[in-house]
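J.: This is upload.txt, which holds compact mmCIF, C-alpha atoms:
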# COMPACT_ATOMS: atom_id res chain seq x y z
CA MET A 1 187.97 -129.58 29.94
CA PHE A 2 187.68 -127.17 32.86
CA CYS A 3 189.61 -124.11 33.91
CA VAL A 4 189.73 -124.23 37.70
CA LEU A 5 190.47 -121.06 39.66
CA ILE A 6 191.89 -121.77 43.10
CA GLY A 7 192.65 -119.34 45.92
CA LEU A 8 195.71 -119.92 48.13
CA VAL A 9 196.06 -118.30 51.58
CA PRO A 10 198.56 -117.05 52.53
CA PRO A 11 199.52 -115.93 48.98
CA THR A 12 202.97 -117.50 48.75
CA GLU A 13 204.62 -118.09 45.38
CA SER A 14 206.53 -121.01 46.92
CA ALA A 15 203.28 -122.93 47.31
CA PHE A 16 202.41 -122.35 43.66
CA LYS A 17 205.90 -123.43 42.58
CA HIS A 18 205.58 -126.58 44.72
CA LEU A 19 202.28 -127.46 43.03
CA GLN A 20 203.71 -126.91 39.55
CA GLU A 21 206.56 -129.29 40.36
CA HIS A 22 204.50 -132.03 42.00
CA ILE A 23 201.04 -132.23 40.37
CA THR A 24 200.77 -133.17 36.71
CA ASN A 25 197.56 -135.19 36.80
CA VAL A 26 194.42 -135.73 38.86
CA GLN A 27 192.83 -139.19 38.92
CA GLY A 28 194.80 -140.10 35.80
CA MET A 29 193.77 -136.99 33.89
CA ALA A 30 196.41 -134.43 32.89
CA LEU A 31 196.54 -131.15 34.78
CA GLN A 32 198.34 -128.02 33.62
CA PHE A 33 198.78 -124.95 35.78
CA ARG A 34 198.34 -121.83 33.66
CA GLU A 35 198.77 -118.50 35.43
CA SER A 36 198.57 -116.71 38.75
CA SER A 37 197.35 -113.39 40.05
CA HIS A 38 196.56 -111.64 43.32
CA ALA A 39 193.20 -110.62 44.76
CA LYS A 40 191.49 -109.93 48.06
CA ASP A 41 188.81 -112.33 49.28
CA ALA A 42 185.79 -110.10 49.94
CA ASP A 43 184.02 -113.00 51.69
CA ASP A 44 186.92 -113.37 54.14
CA GLY A 45 187.61 -109.84 55.30
CA ASP A 46 189.57 -108.91 52.16
CA THR A 47 192.22 -111.51 52.93
CA PRO A 48 195.11 -111.31 50.43
CA THR A 49 194.92 -114.37 48.18
CA LEU A 50 197.03 -115.89 45.45
CA LEU A 51 194.83 -117.04 42.59
CA ILE A 52 196.08 -119.85 40.40
CA SER A 53 194.37 -121.35 37.38
CA ALA A 54 194.68 -124.91 36.14
CA ALA A 55 193.30 -126.80 33.15
CA SER A 56 192.14 -130.40 33.40
CA GLU A 57 189.37 -132.77 32.41
CA ALA A 58 189.08 -133.76 36.07
CA GLN A 59 186.17 -132.34 38.03
CA PRO A 60 186.96 -128.97 39.70
CA ASP A 61 186.31 -130.31 43.22
CA ASP A 62 188.73 -133.19 42.56
CA VAL A 63 191.38 -130.74 41.38
CA VAL A 64 191.02 -128.64 44.54
CA ALA A 65 191.17 -131.77 46.72
CA ALA A 66 194.38 -132.90 44.97
CA VAL A 67 195.92 -129.44 45.47
CA ASP A 68 194.97 -129.48 49.14
CA ARG A 69 196.50 -132.94 49.67
CA GLU A 70 199.74 -131.96 47.95
CA LEU A 71 200.08 -128.76 49.95
CA LYS A 72 199.67 -130.67 53.22
CA ALA A 73 202.04 -133.44 52.12
CA GLY A 74 204.66 -130.87 51.16
CA GLY A 75 204.49 -129.15 54.52
CA GLU A 76 203.04 -125.95 53.08
CA GLU A 77 200.96 -124.03 55.63
CA THR A 78 198.54 -122.96 52.96
CA ARG A 79 194.82 -123.45 52.65
CA CYS A 80 193.09 -123.60 49.30
CA GLU A 81 189.58 -122.93 48.06
CA LEU A 82 187.70 -123.22 44.80
CA TRP A 83 186.89 -119.74 43.52
CA ALA A 84 185.44 -120.54 40.11
CA SER A 85 185.45 -122.97 37.22
CA ALA A 86 184.65 -122.46 33.55
CA PRO A 87 184.63 -124.48 30.31
CA CYS A 88 187.42 -122.30 28.89
CA PRO A 89 190.48 -120.42 30.22
CA LEU A 90 189.80 -117.59 32.67
CA PRO A 91 191.97 -114.53 31.90
CA LEU A 92 193.69 -113.09 34.98
CA ARG A 93 195.41 -109.79 35.60
CA PRO A 94 199.20 -110.09 35.02
CA PRO A 95 201.42 -109.38 38.06
CA CYS A 96 202.49 -106.01 36.60
CA GLY A 97 199.03 -105.03 35.40
CA TYR A 98 197.58 -104.86 31.92
CA PRO A 99 199.96 -103.41 29.30
CA VAL A 100 197.31 -101.25 27.64
CA HIS A 101 198.63 -97.74 28.49
CA LEU A 102 201.33 -97.37 25.85
CA PRO A 103 203.91 -94.60 25.37
CA ASN A 104 203.48 -92.71 22.12
CA ASN A 105 206.83 -93.59 20.53
CA GLU A 106 208.00 -95.16 17.29
CA GLY A 107 207.04 -98.62 18.52
CA TRP A 108 203.48 -97.62 19.38
CA LEU A 109 201.74 -99.20 16.41
CA TYR A 110 203.33 -102.63 16.89
CA ASP A 111 202.63 -102.61 20.64
CA ALA A 112 199.10 -101.26 20.17
CA ALA A 113 198.15 -103.92 17.62
CA ARG A 114 199.63 -106.61 19.86
CA ALA A 115 197.72 -105.30 22.91
CA MET A 116 194.48 -105.39 20.93
CA ARG A 117 195.23 -108.94 19.81
CA GLU A 118 196.22 -110.24 23.25
CA TRP A 119 194.06 -108.22 25.63
CA GLY A 120 191.36 -106.77 23.38
CA VAL A 121 191.66 -103.30 24.92
CA LEU A 122 193.88 -100.24 24.55
CA THR A 123 193.86 -96.64 25.77
CA GLN A 124 194.99 -93.63 23.77
CA SER A 125 195.43 -90.10 25.10
CA SER A 126 194.13 -86.86 23.56
CA VAL A 127 192.42 -88.20 20.46
CA LEU A 128 190.33 -85.00 20.44
CA ASN A 129 191.35 -81.54 21.62
CA THR A 130 189.16 -79.14 23.60
CA ALA A 131 187.74 -77.36 20.58
CA GLN A 132 186.86 -80.67 18.91
CA ILE A 133 185.26 -81.98 22.10
CA ASN A 134 183.09 -78.85 22.29
CA GLU A 135 182.08 -79.17 18.63
CA LEU A 136 181.13 -82.82 19.05
CA ARG A 137 179.32 -82.09 22.33
CA MET A 138 177.05 -79.61 20.53
CA LEU A 139 176.15 -82.25 17.93
CA VAL A 140 175.51 -84.82 20.64
CA ASP A 141 173.40 -82.53 22.85
CA ASP A 142 171.22 -81.55 19.88
CA ALA A 143 170.74 -85.22 18.93
CA ILE A 144 169.79 -86.19 22.49
CA PHE A 145 167.31 -83.30 22.73
CA GLU A 146 165.67 -84.24 19.41
CA ALA A 147 165.47 -87.96 20.25
CA GLU A 148 163.93 -87.41 23.68
CA ALA A 149 161.48 -84.86 22.26
CA SER A 150 160.50 -87.39 19.59
CA LEU A 151 160.00 -90.08 22.23
CA ALA A 152 157.77 -87.76 24.26
CA ALA A 153 155.71 -86.81 21.21
CA ASN A 154 155.41 -90.21 19.54
CA ARG A 155 155.72 -92.68 22.42
CA PRO A 156 154.06 -90.95 25.41
CA ASP A 157 153.35 -94.34 27.01
CA ILE A 158 157.09 -94.94 27.51
CA SER A 159 158.61 -93.80 30.81
CA VAL A 160 162.02 -92.66 29.57
CA GLY A 161 164.66 -93.58 32.12
CA THR A 162 162.85 -96.55 33.63
CA ASP A 163 161.27 -98.49 30.75
CA VAL A 164 163.24 -100.77 28.44
CA PHE A 165 162.82 -99.96 24.74
CA CYS A 166 164.64 -100.61 21.48
CA PHE A 167 164.00 -98.50 18.38
CA LYS A 168 166.16 -98.19 15.31
CA GLU A 169 167.29 -94.72 16.45
CA ILE A 170 167.76 -95.27 20.19
CA ALA A 171 167.70 -98.10 22.73
CA SER A 172 167.57 -98.26 26.52
CA ARG A 173 168.23 -101.60 28.18
CA SER A 174 168.61 -100.46 31.80
CA THR A 175 167.67 -97.58 34.08
CA GLU A 176 168.80 -94.12 32.88
CA ARG A 177 171.17 -95.60 30.28
CA PHE A 178 170.71 -94.91 26.55
CA ASP A 179 172.39 -95.74 23.24
CA LEU A 180 171.51 -93.17 20.57
CA ARG A 181 172.64 -93.53 16.97
CA LEU A 182 174.03 -90.33 15.44
CA LEU A 183 172.58 -90.65 11.97
CA ASN A 184 173.07 -87.09 10.72
CA SER A 185 175.79 -86.45 8.18
CA ALA A 186 177.51 -83.86 10.40
CA ALA A 187 178.53 -86.56 12.89
CA GLY A 188 180.00 -88.78 10.17
CA GLU A 189 181.85 -85.86 8.64
CA PHE A 190 183.26 -84.97 12.07
CA VAL A 191 184.66 -88.50 12.47
CA GLU A 192 186.24 -88.49 9.01
CA ARG A 193 187.71 -85.03 9.54
CA HIS A 194 189.01 -85.32 13.09
CA VAL A 195 189.37 -89.04 13.92
CA MET A 196 189.94 -91.08 10.76
CA SER A 197 192.44 -88.48 9.53
CA GLN A 198 194.79 -89.19 12.44
CA PRO A 199 197.73 -91.36 11.30
CA GLU A 200 197.71 -93.48 14.49
CA VAL A 201 193.99 -94.22 14.17
CA ALA A 202 194.21 -95.13 10.49
CA ALA A 203 197.31 -97.27 11.00
CA LEU A 204 195.82 -99.18 13.95
CA LEU A 205 192.63 -99.89 12.02
CA GLN A 206 194.65 -101.26 9.12
CA GLN A 207 196.71 -103.46 11.45
CA THR A 208 193.68 -104.88 13.28
CA LEU A 209 190.85 -104.89 10.73
CA GLY A 210 192.50 -104.64 7.33
CA SER A 211 192.39 -102.21 4.41
CA LEU A 212 190.48 -99.00 5.16
CA CYS A 213 188.58 -99.37 1.85
CA GLU A 214 187.05 -102.57 3.26
CA LEU A 215 185.83 -100.85 6.43
CA ASN A 216 183.01 -98.56 7.44
CA PHE A 217 181.81 -97.23 10.77
CA ASP A 218 178.71 -96.54 12.85
CA ILE A 219 178.56 -93.67 15.32
CA SER A 220 176.40 -93.31 18.41
CA VAL A 221 176.43 -91.72 21.84
CA VAL A 222 176.05 -93.88 24.92
CA TYR A 223 174.81 -91.60 27.68
CA SER A 224 174.01 -92.37 31.29
CA ARG A 225 171.99 -90.02 33.42
CA PRO A 226 172.25 -89.73 37.22
CA GLY A 227 170.78 -92.87 38.76
CA ALA A 228 172.11 -95.25 36.12
CA ASP A 229 173.11 -98.48 37.86
CA HIS A 230 175.63 -101.21 37.07
CA GLN A 231 175.12 -102.62 33.62
CA GLY A 232 175.25 -106.38 33.15
CA TRP A 233 178.41 -107.94 31.69
CA HIS A 234 178.06 -108.35 27.95
CA ALA A 235 179.85 -108.29 24.61
CA ASP A 236 178.59 -105.94 21.91
CA GLY A 237 179.04 -108.72 19.37
CA GLY A 238 179.70 -112.44 19.64
CA HIS A 239 182.23 -114.68 17.95
CA GLN A 240 181.19 -115.31 14.37
CA LYS A 241 179.75 -118.70 13.48
CA GLY A 242 182.54 -121.07 12.50
CA ALA A 243 185.29 -118.67 13.62
CA LYS A 244 187.96 -120.07 15.93
CA ASP A 245 188.57 -118.71 19.39
CA ALA A 246 191.90 -118.96 21.24
CA GLY A 247 191.23 -122.44 22.61
CA TRP A 248 193.38 -123.90 25.39
CA ASP A 249 196.83 -123.17 23.94
CA ARG A 250 198.73 -120.52 25.87
CA ASP A 251 199.57 -118.82 22.58
CA GLY A 252 196.11 -119.40 21.13
CA TRP A 253 195.35 -115.67 21.19
CA GLU A 254 198.25 -115.19 18.79
CA ASP A 255 198.00 -118.29 16.59
CA ASP A 256 194.38 -119.48 16.61
CA LEU A 257 192.02 -116.63 17.52
CA ALA A 258 190.07 -115.34 14.53
CA ASP A 259 190.86 -111.76 13.58
CA ALA A 260 188.54 -109.05 14.89
CA TYR A 261 185.67 -108.11 12.59
CA ALA A 262 184.77 -104.96 14.53
CA ILE A 263 186.51 -102.67 17.01
CA CYS A 264 184.87 -100.08 19.21
CA LEU A 265 186.41 -96.71 20.02
CA PHE A 266 184.95 -94.92 23.07
CA ILE A 267 185.62 -91.19 23.37
CA PRO A 268 184.16 -89.57 26.50
CA LEU A 269 183.02 -85.95 26.27
CA ILE A 270 183.57 -85.40 30.00
CA ASP A 271 186.21 -86.71 32.41
CA LEU A 272 185.28 -90.19 33.65
CA ASN A 273 185.69 -90.98 37.34
CA ASN A 274 184.05 -92.90 40.18
CA GLU A 275 181.25 -90.36 40.54
CA VAL A 276 179.99 -90.05 36.98
CA GLY A 277 181.06 -93.60 36.12
CA TYR A 278 183.01 -95.24 33.32
CA THR A 279 183.20 -98.48 31.37
CA GLN A 280 184.72 -101.50 33.10
CA LEU A 281 186.27 -104.16 30.85
CA TRP A 282 187.61 -107.68 31.22
CA PRO A 283 190.86 -107.77 29.21
CA GLY A 284 191.41 -111.05 27.40
CA SER A 285 187.75 -112.06 27.50
CA HIS A 286 187.45 -111.61 23.72
CA ARG A 287 189.57 -114.75 23.27
CA HIS A 288 186.92 -117.27 24.36
CA ARG A 289 183.31 -117.50 23.22
CA ASP A 290 182.35 -119.56 26.31
CA LEU A 291 183.20 -116.74 28.74
CA VAL A 292 179.80 -115.11 28.16
CA GLY A 293 178.00 -115.34 31.50
CA PHE A 294 181.21 -115.45 33.57
CA GLY A 295 181.66 -111.71 34.08
CA LYS A 296 181.26 -112.04 37.84
CA VAL A 297 184.53 -114.00 37.91
CA ALA A 298 186.36 -110.95 36.60
CA GLU A 299 185.00 -108.95 39.53
CA ILE A 300 185.93 -111.36 42.32
CA ALA A 301 189.33 -112.13 40.75
CA GLU A 302 190.05 -108.40 40.34
CA ALA A 303 190.74 -109.07 36.68
CA THR A 304 188.89 -105.97 35.48
CA PHE A 305 190.24 -102.82 33.85
CA ASP A 306 188.57 -99.50 34.65
CA GLY A 307 188.25 -97.24 31.63
CA LYS A 308 188.65 -93.99 33.58
CA CYS A 309 190.06 -91.28 31.35
CA LEU A 310 189.85 -87.61 30.49
CA ALA A 311 187.50 -86.01 27.97
CA GLY A 312 188.92 -86.54 24.49
CA ASP A 313 190.95 -89.60 25.46
CA ALA A 314 189.95 -92.94 23.96
CA VAL A 315 189.41 -96.54 24.94
CA TRP A 316 189.64 -99.06 22.11
CA TYR A 317 188.20 -102.55 22.55
CA ASP A 318 187.50 -105.65 20.52
CA TYR A 319 183.77 -105.99 19.77
CA ARG A 320 183.83 -109.48 21.36
CA LEU A 321 185.22 -108.20 24.69
CA LEU A 322 183.12 -108.48 27.85
CA HIS A 323 182.45 -105.15 29.54
CA ARG A 324 179.83 -103.22 31.49
CA GLY A 325 178.86 -99.62 32.22
CA MET A 326 179.35 -98.49 35.81
CA PRO A 327 176.85 -96.42 37.84
CA ASN A 328 176.41 -92.68 37.49
CA SER A 329 176.13 -91.65 41.13
CA SER A 330 176.39 -87.92 40.48
CA SER A 331 173.45 -85.67 41.30
CA ASP A 332 173.22 -83.74 38.04
CA VAL A 333 175.87 -84.78 35.49
CA VAL A 334 175.00 -86.73 32.34
CA ARG A 335 177.84 -89.00 31.14
CA PRO A 336 178.05 -88.85 27.31
CA VAL A 337 180.50 -91.18 25.56
CA VAL A 338 180.75 -91.21 21.78
CA GLN A 339 181.02 -94.74 20.42
CA LEU A 340 182.58 -95.42 17.05
CA ILE A 341 182.23 -98.95 15.73
CA PHE A 342 184.79 -99.59 13.01
CA LYS A 343 183.88 -102.76 11.18
CA ARG A 344 184.35 -104.81 8.07
CA LYS A 345 181.72 -103.91 5.53
CA TRP A 346 180.13 -107.34 5.53
CA TYR A 347 179.20 -106.97 9.22
CA VAL A 348 175.87 -105.25 9.83
CA GLU A 349 174.90 -104.35 13.40
CA ARG A 350 171.53 -105.95 14.15
CA GLN A 351 171.90 -106.84 17.81
CA ASN A 352 171.84 -103.53 19.66
CA TYR A 353 169.01 -101.60 18.00
CA GLY A 354 165.47 -102.32 16.88
CA THR A 355 163.86 -102.21 13.44
CA GLU A 356 160.90 -99.97 14.35
CA SER A 357 161.23 -96.19 14.30
CA ILE A 358 160.26 -93.91 17.19
CA VAL A 359 157.85 -92.28 14.76
CA LYS A 360 154.98 -94.70 14.21
CA ASP A 361 154.12 -95.75 10.67
CA LEU A 362 150.43 -94.85 10.35
CA ARG A 363 149.90 -96.44 6.95
Will you turn the file into structure tokens for me?

T.:
Amino acid sequence: MFCVLIGLVPPTESAFKHLQEHITNVQGMALQFRESSHAKDADDGDTPTLLISAASEAQPDDVVAAVDRELKAGGEETRCELWASAPCPLPLRPPCGYPVHLPNNEGWLYDAARAMREWGVLTQSSVLNTAQINELRMLVDDAIFEAEASLAANRPDISVGTDVFCFKEIASRSTERFDLRLLNSAAGEFVERHVMSQPEVAALLQQTLGSLCELNFDISVVYSRPGADHQGWHADGGHQKGAKDAGWDRDGWEDDLADAYAICLFIPLIDLNNEVGYTQLWPGSHRHRDLVGFGKVAEIAEATFDGKCLAGDAVWYDYRLLHRGMPNSSSDVVRPVVQLIFKRKWYVERQNYGTESIVKDLR
């Protein structure tokens, strides 16, 4: 089965409606149109384009050819082009945008849990106040100073900022981008005192991951120095072996997708914008294990969500969601984002850090 993403120019809904009414199979194989969205074709002078997705066992080129024939036969002055194909559904941006900025009212918890289930991402305002941000920033700055001093003293052969390395305390997988675990007790106590104690946080964790007594968390700071480039698209954790993804059913995210086993909470310690950078996410990509490697489609289809927010705000996302860090193009501002990974106790993070310490074992 393929998901075929087709661009229609000009972007007329009448053409899409015509196709839905007149094409149900291609070369004897069933075809189902799924969803539509709008984008600009960067390879054609940013021409406005209607993107439509279709599912079929027919080859993608045959699907596009059938669409082209039907458009011409129906008198539609529309040209079509294959934009992408994948072995699973390709999530597209809804016409009204992603419903992940939610009003803080009595229905917040239901809507927030549903957004996490359907889209795998959610924003929340003012999780930390100014005093709490400053307190956490002091902890983070001290930890960064100590880690970089330890690297200089114990690993002088490493060029910090350009070399790739992965220790159990800190990892760097691309230029000027670092992931430092906050292993001191003060950081954990801060989270329990100021984050876990918030009713909305505790309630959302229970709704999405289960009983709080069955959960624990890891805390780190992901910091990007000036010169950090685009990060590659990735998921922090994959779908578990034997766990179901959403499949091809339209409601598969609701009925079939295995529950999350870990959820990440990003809290920036500075305002995130185009200059210092932010995290870009592909909402809905947590539904399908076979989307790994298809992040570029999210870019060209304008299906991304930019996690720009103020210091102390939060971005929640499913651990299986595809995302990437954006460049830090500032001249002198480090971008520190605290990362809390709330997870079921049986899950142990082994993918993102090494097993060797910065300090060499001389025995």

J.: Pick out the closest residue to Ile144 of chain A from this set: A:Thr355, A:Ser224, A:Gln231, A:Asn274. Count only C-alpha atoms.

T.: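 Under the stated criterion, the closest residue is A:Ser224.
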
J.: Give the padded box for segment 168-171 of chain A as lines of an AutoDock Vina configuration file: axis-aligned, covering all atoms listed in the file, 8 Å on each side, centre and edge lengths in Å to one decimal.

T.:
center_x = 167.0
center_y = -96.5
center_z = 19.0
size_x = 17.6
size_y = 19.5
size_z = 23.4

J.: Provide the atom CA of Arg137 of chain A to atom CA of Glu349 of chain A distance in Å, to one decimal place.

T.: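 Atom CA of Glu349 of chain A lies 24.4 Å from atom CA of Arg137 of chain A.
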
J.: Interatomic distance between atom CA of Trp346 of chain A and atom CA of Asp313 of chain A?

T.: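 Answer for the atom CA of Trp346 of chain A to atom CA of Asp313 of chain A separation: 28.8 Å.
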
J.: Here is a test: counting all atoms listed in the file, which residue of A:Gly45, A:Gly161, A:Pro91, A:Pro60 is nearest to Glu118 of chain A?

T.: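 When distances to Glu118 of chain A are compared using all atoms listed in the file, the smallest one comes from A:Pro91.
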
J.: If we draw a sphere of 8 Å around (191.0, -84.8, 20.0), which residues have at least one atom in it when counting only C-alpha atoms? Please report them as a PyMOL selection string.

T.: chain A and resi 126-130+132-133+194-195+312-313

J.: For each of A:Asp141, A:Asp318, A:Glu169, A:Glu302, take the minimum atom-to-atom distance to Glu356 of chain A, counting all atoms listed in the file, then give the residue where this is smallest.

T.: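 Answer, going by the shortest atom-to-atom distance: A:Glu169.
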
J.: If you take all atoms listed in the file and a cut-off of 8 Å, which residues of segment 253-343 of chain A touch segment 78-90 of chain A, and what are their nearest atom pairs and distances in Å to one decimal, in chain and number order, as CSV?

T.:
residue,atom,partner,partner_atom,distance
A:Ser285,CA,A:Leu90,CA,7.8
A:His288,CA,A:Cys88,CA,6.8
A:Asp290,CA,A:Cys88,CA,6.3
A:Leu291,CA,A:Cys88,CA,7.0
A:Phe294,CA,A:Ala86,CA,7.8
A:Val297,CA,A:Ala84,CA,7.0

J.: For Ala112 of chain A, which residue out of A:Ala147, A:Ala54, A:Val201, A:Leu19 is the nearest one, using all atoms listed in the file?

T.: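 So, comparing all the options, the nearest one is A:Val201.
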
J.: Closest to Ala115 of chain A among A:Pro10, A:Pro156, A:Gly232, A:Pro283, using all atoms listed in the file?

T.: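 Closest to Ala115 of chain A of all the choices is A:Pro283.
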
J.: Quick one: residues within 12 Å of Glu299 of chain A, all atoms listed in the file, excluding same-chain residues fewer than 6 positions away - as a list of chain:residue names?

T.: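 In the requested format, the answer is A:Ala39, A:Lys40, A:Asp41, A:Ala42, A:Trp83, A:Ala84, A:Pro91, A:Leu92, A:Arg93, A:Gly232, A:Trp233, A:Gln280, A:Leu281, A:Trp282, A:Pro283, A:Phe305, A:Asp306, A:Leu322, A:His323, A:Arg324.
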
J.: Figure out the distance between atom CA of Val221 of chain A and atom CA of Phe145 of chain A, please, to one decimal in Å.

T.: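 Rounded to one decimal, the two atoms are 12.4 Å apart.
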
J.: Under the rule that all atoms listed in the file are counted, which of A:Ile263, A:Ile270, A:Val100, A:Ile158 is the nearest residue to Ser172 of chain A?

T.: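 Smallest distance to Ser172 of chain A is found for A:Ile158.
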
J.: Which polymer residues have any atom within 12 Å of an atom of Val26 of chain A, counting only C-alpha atoms, with same-chain residues fewer than 6 positions away left out, as a list in words?

T.: Gln32, Ala54, Ala55, Ser56, Glu57, Ala58, Gln59, Pro60, Asp61, Asp62, Val63, Val64, Ala65, Ala66, Val67, Arg69 and Glu70 of chain A

J.: Those residues you just picked out, can you put them in a file as a PDB file, in the coordinates of the input with C-alpha atoms?

T.:
ATOM      1  CA  GLN A  32     198.340-128.020  33.620  1.00  0.00           C
ATOM      2  CA  ALA A  54     194.680-124.910  36.140  1.00  0.00           C
ATOM      3  CA  ALA A  55     193.300-126.800  33.150  1.00  0.00           C
ATOM      4  CA  SER A  56     192.140-130.400  33.400  1.00  0.00           C
ATOM      5  CA  GLU A  57     189.370-132.770  32.410  1.00  0.00           C
ATOM      6  CA  ALA A  58     189.080-133.760  36.070  1.00  0.00           C
ATOM      7  CA  GLN A  59     186.170-132.340  38.030  1.00  0.00           C
ATOM      8  CA  PRO A  60     186.960-128.970  39.700  1.00  0.00           C
ATOM      9  CA  ASP A  61     186.310-130.310  43.220  1.00  0.00           C
ATOM     10  CA  ASP A  62     188.730-133.190  42.560  1.00  0.00           C
ATOM     11  CA  VAL A  63     191.380-130.740  41.380  1.00  0.00           C
ATOM     12  CA  VAL A  64     191.020-128.640  44.540  1.00  0.00           C
ATOM     13  CA  ALA A  65     191.170-131.770  46.720  1.00  0.00           C
ATOM     14  CA  ALA A  66     194.380-132.900  44.970  1.00  0.00           C
ATOM     15  CA  VAL A  67     195.920-129.440  45.470  1.00  0.00           C
ATOM     16  CA  ARG A  69     196.500-132.940  49.670  1.00  0.00           C
ATOM     17  CA  GLU A  70     199.740-131.960  47.950  1.00  0.00           C
TER      18      GLU A  70
END

J.: For Lys308 of chain A, please output as a compact mmCIF listing (two decimals) with C-alpha atoms, keeping the file's coordinate frame all residues within 12 Å (counting only C-alpha atoms; exclusion window: fewer than 5 positions along the same chain).

T.:
# COMPACT_ATOMS: atom_id res chain seq x y z
CA HIS A 101 198.63 -97.74 28.49
CA THR A 123 193.86 -96.64 25.77
CA GLN A 124 194.99 -93.63 23.77
CA SER A 125 195.43 -90.10 25.10
CA PHE A 266 184.95 -94.92 23.07
CA ILE A 267 185.62 -91.19 23.37
CA PRO A 268 184.16 -89.57 26.50
CA ILE A 270 183.57 -85.40 30.00
CA ASP A 271 186.21 -86.71 32.41
CA LEU A 272 185.28 -90.19 33.65
CA ASN A 273 185.69 -90.98 37.34
CA ASN A 274 184.05 -92.90 40.18
CA GLU A 275 181.25 -90.36 40.54
CA VAL A 276 179.99 -90.05 36.98
CA GLY A 277 181.06 -93.60 36.12
CA TYR A 278 183.01 -95.24 33.32
CA THR A 279 183.20 -98.48 31.37
CA GLN A 280 184.72 -101.50 33.10
CA LEU A 281 186.27 -104.16 30.85
CA ASP A 313 190.95 -89.60 25.46
CA ALA A 314 189.95 -92.94 23.96
CA VAL A 315 189.41 -96.54 24.94
CA GLY A 325 178.86 -99.62 32.22
CA MET A 326 179.35 -98.49 35.81
CA VAL A 337 180.50 -91.18 25.56

J.: Would you mind writing segment 274-278 of chain A with all heavy atoms, as a short mmCIF file (atom, residue, chain, number, x, y, z; two decimals), in the coordinates of the input?

T.:
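Okay, this is what ended up in part_10.cif:
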data_model
loop_
_atom_site.label_atom_id
_atom_site.label_comp_id
_atom_site.auth_asym_id
_atom_site.auth_seq_id
_atom_site.Cartn_x
_atom_site.Cartn_y
_atom_site.Cartn_z
N ASN A 274 184.93 -92.05 39.37
CA ASN A 274 184.05 -92.90 40.18
C ASN A 274 182.65 -92.31 40.33
O ASN A 274 181.67 -93.04 40.46
CB ASN A 274 184.65 -93.14 41.56
CG ASN A 274 185.84 -94.08 41.52
OD1 ASN A 274 185.97 -94.89 40.59
ND2 ASN A 274 186.72 -94.00 42.49
N GLU A 275 182.55 -90.98 40.33
CA GLU A 275 181.25 -90.36 40.54
C GLU A 275 180.34 -90.45 39.32
O GLU A 275 179.20 -90.90 39.42
CB GLU A 275 181.42 -88.90 40.95
CG GLU A 275 180.09 -88.23 41.30
CD GLU A 275 180.25 -86.78 41.73
OE1 GLU A 275 181.30 -86.18 41.42
OE2 GLU A 275 179.32 -86.25 42.38
N VAL A 276 180.84 -90.02 38.18
CA VAL A 276 179.99 -90.05 36.98
C VAL A 276 179.99 -91.43 36.32
O VAL A 276 179.11 -91.75 35.52
CB VAL A 276 180.41 -88.98 35.95
CG1 VAL A 276 180.33 -87.60 36.57
CG2 VAL A 276 181.80 -89.25 35.39
N GLY A 277 180.98 -92.25 36.66
CA GLY A 277 181.06 -93.60 36.12
C GLY A 277 181.97 -93.71 34.90
O GLY A 277 182.50 -92.72 34.40
N TYR A 278 182.09 -94.93 34.41
CA TYR A 278 183.01 -95.24 33.32
C TYR A 278 182.65 -96.63 32.80
O TYR A 278 181.68 -97.25 33.29
CB TYR A 278 184.47 -95.21 33.82
CG TYR A 278 184.68 -96.03 35.09
CD1 TYR A 278 185.01 -97.38 35.01
CD2 TYR A 278 184.48 -95.46 36.36
CE1 TYR A 278 185.16 -98.14 36.16
CE2 TYR A 278 184.63 -96.22 37.51
CZ TYR A 278 184.97 -97.55 37.40
OH TYR A 278 185.10 -98.31 38.55
#
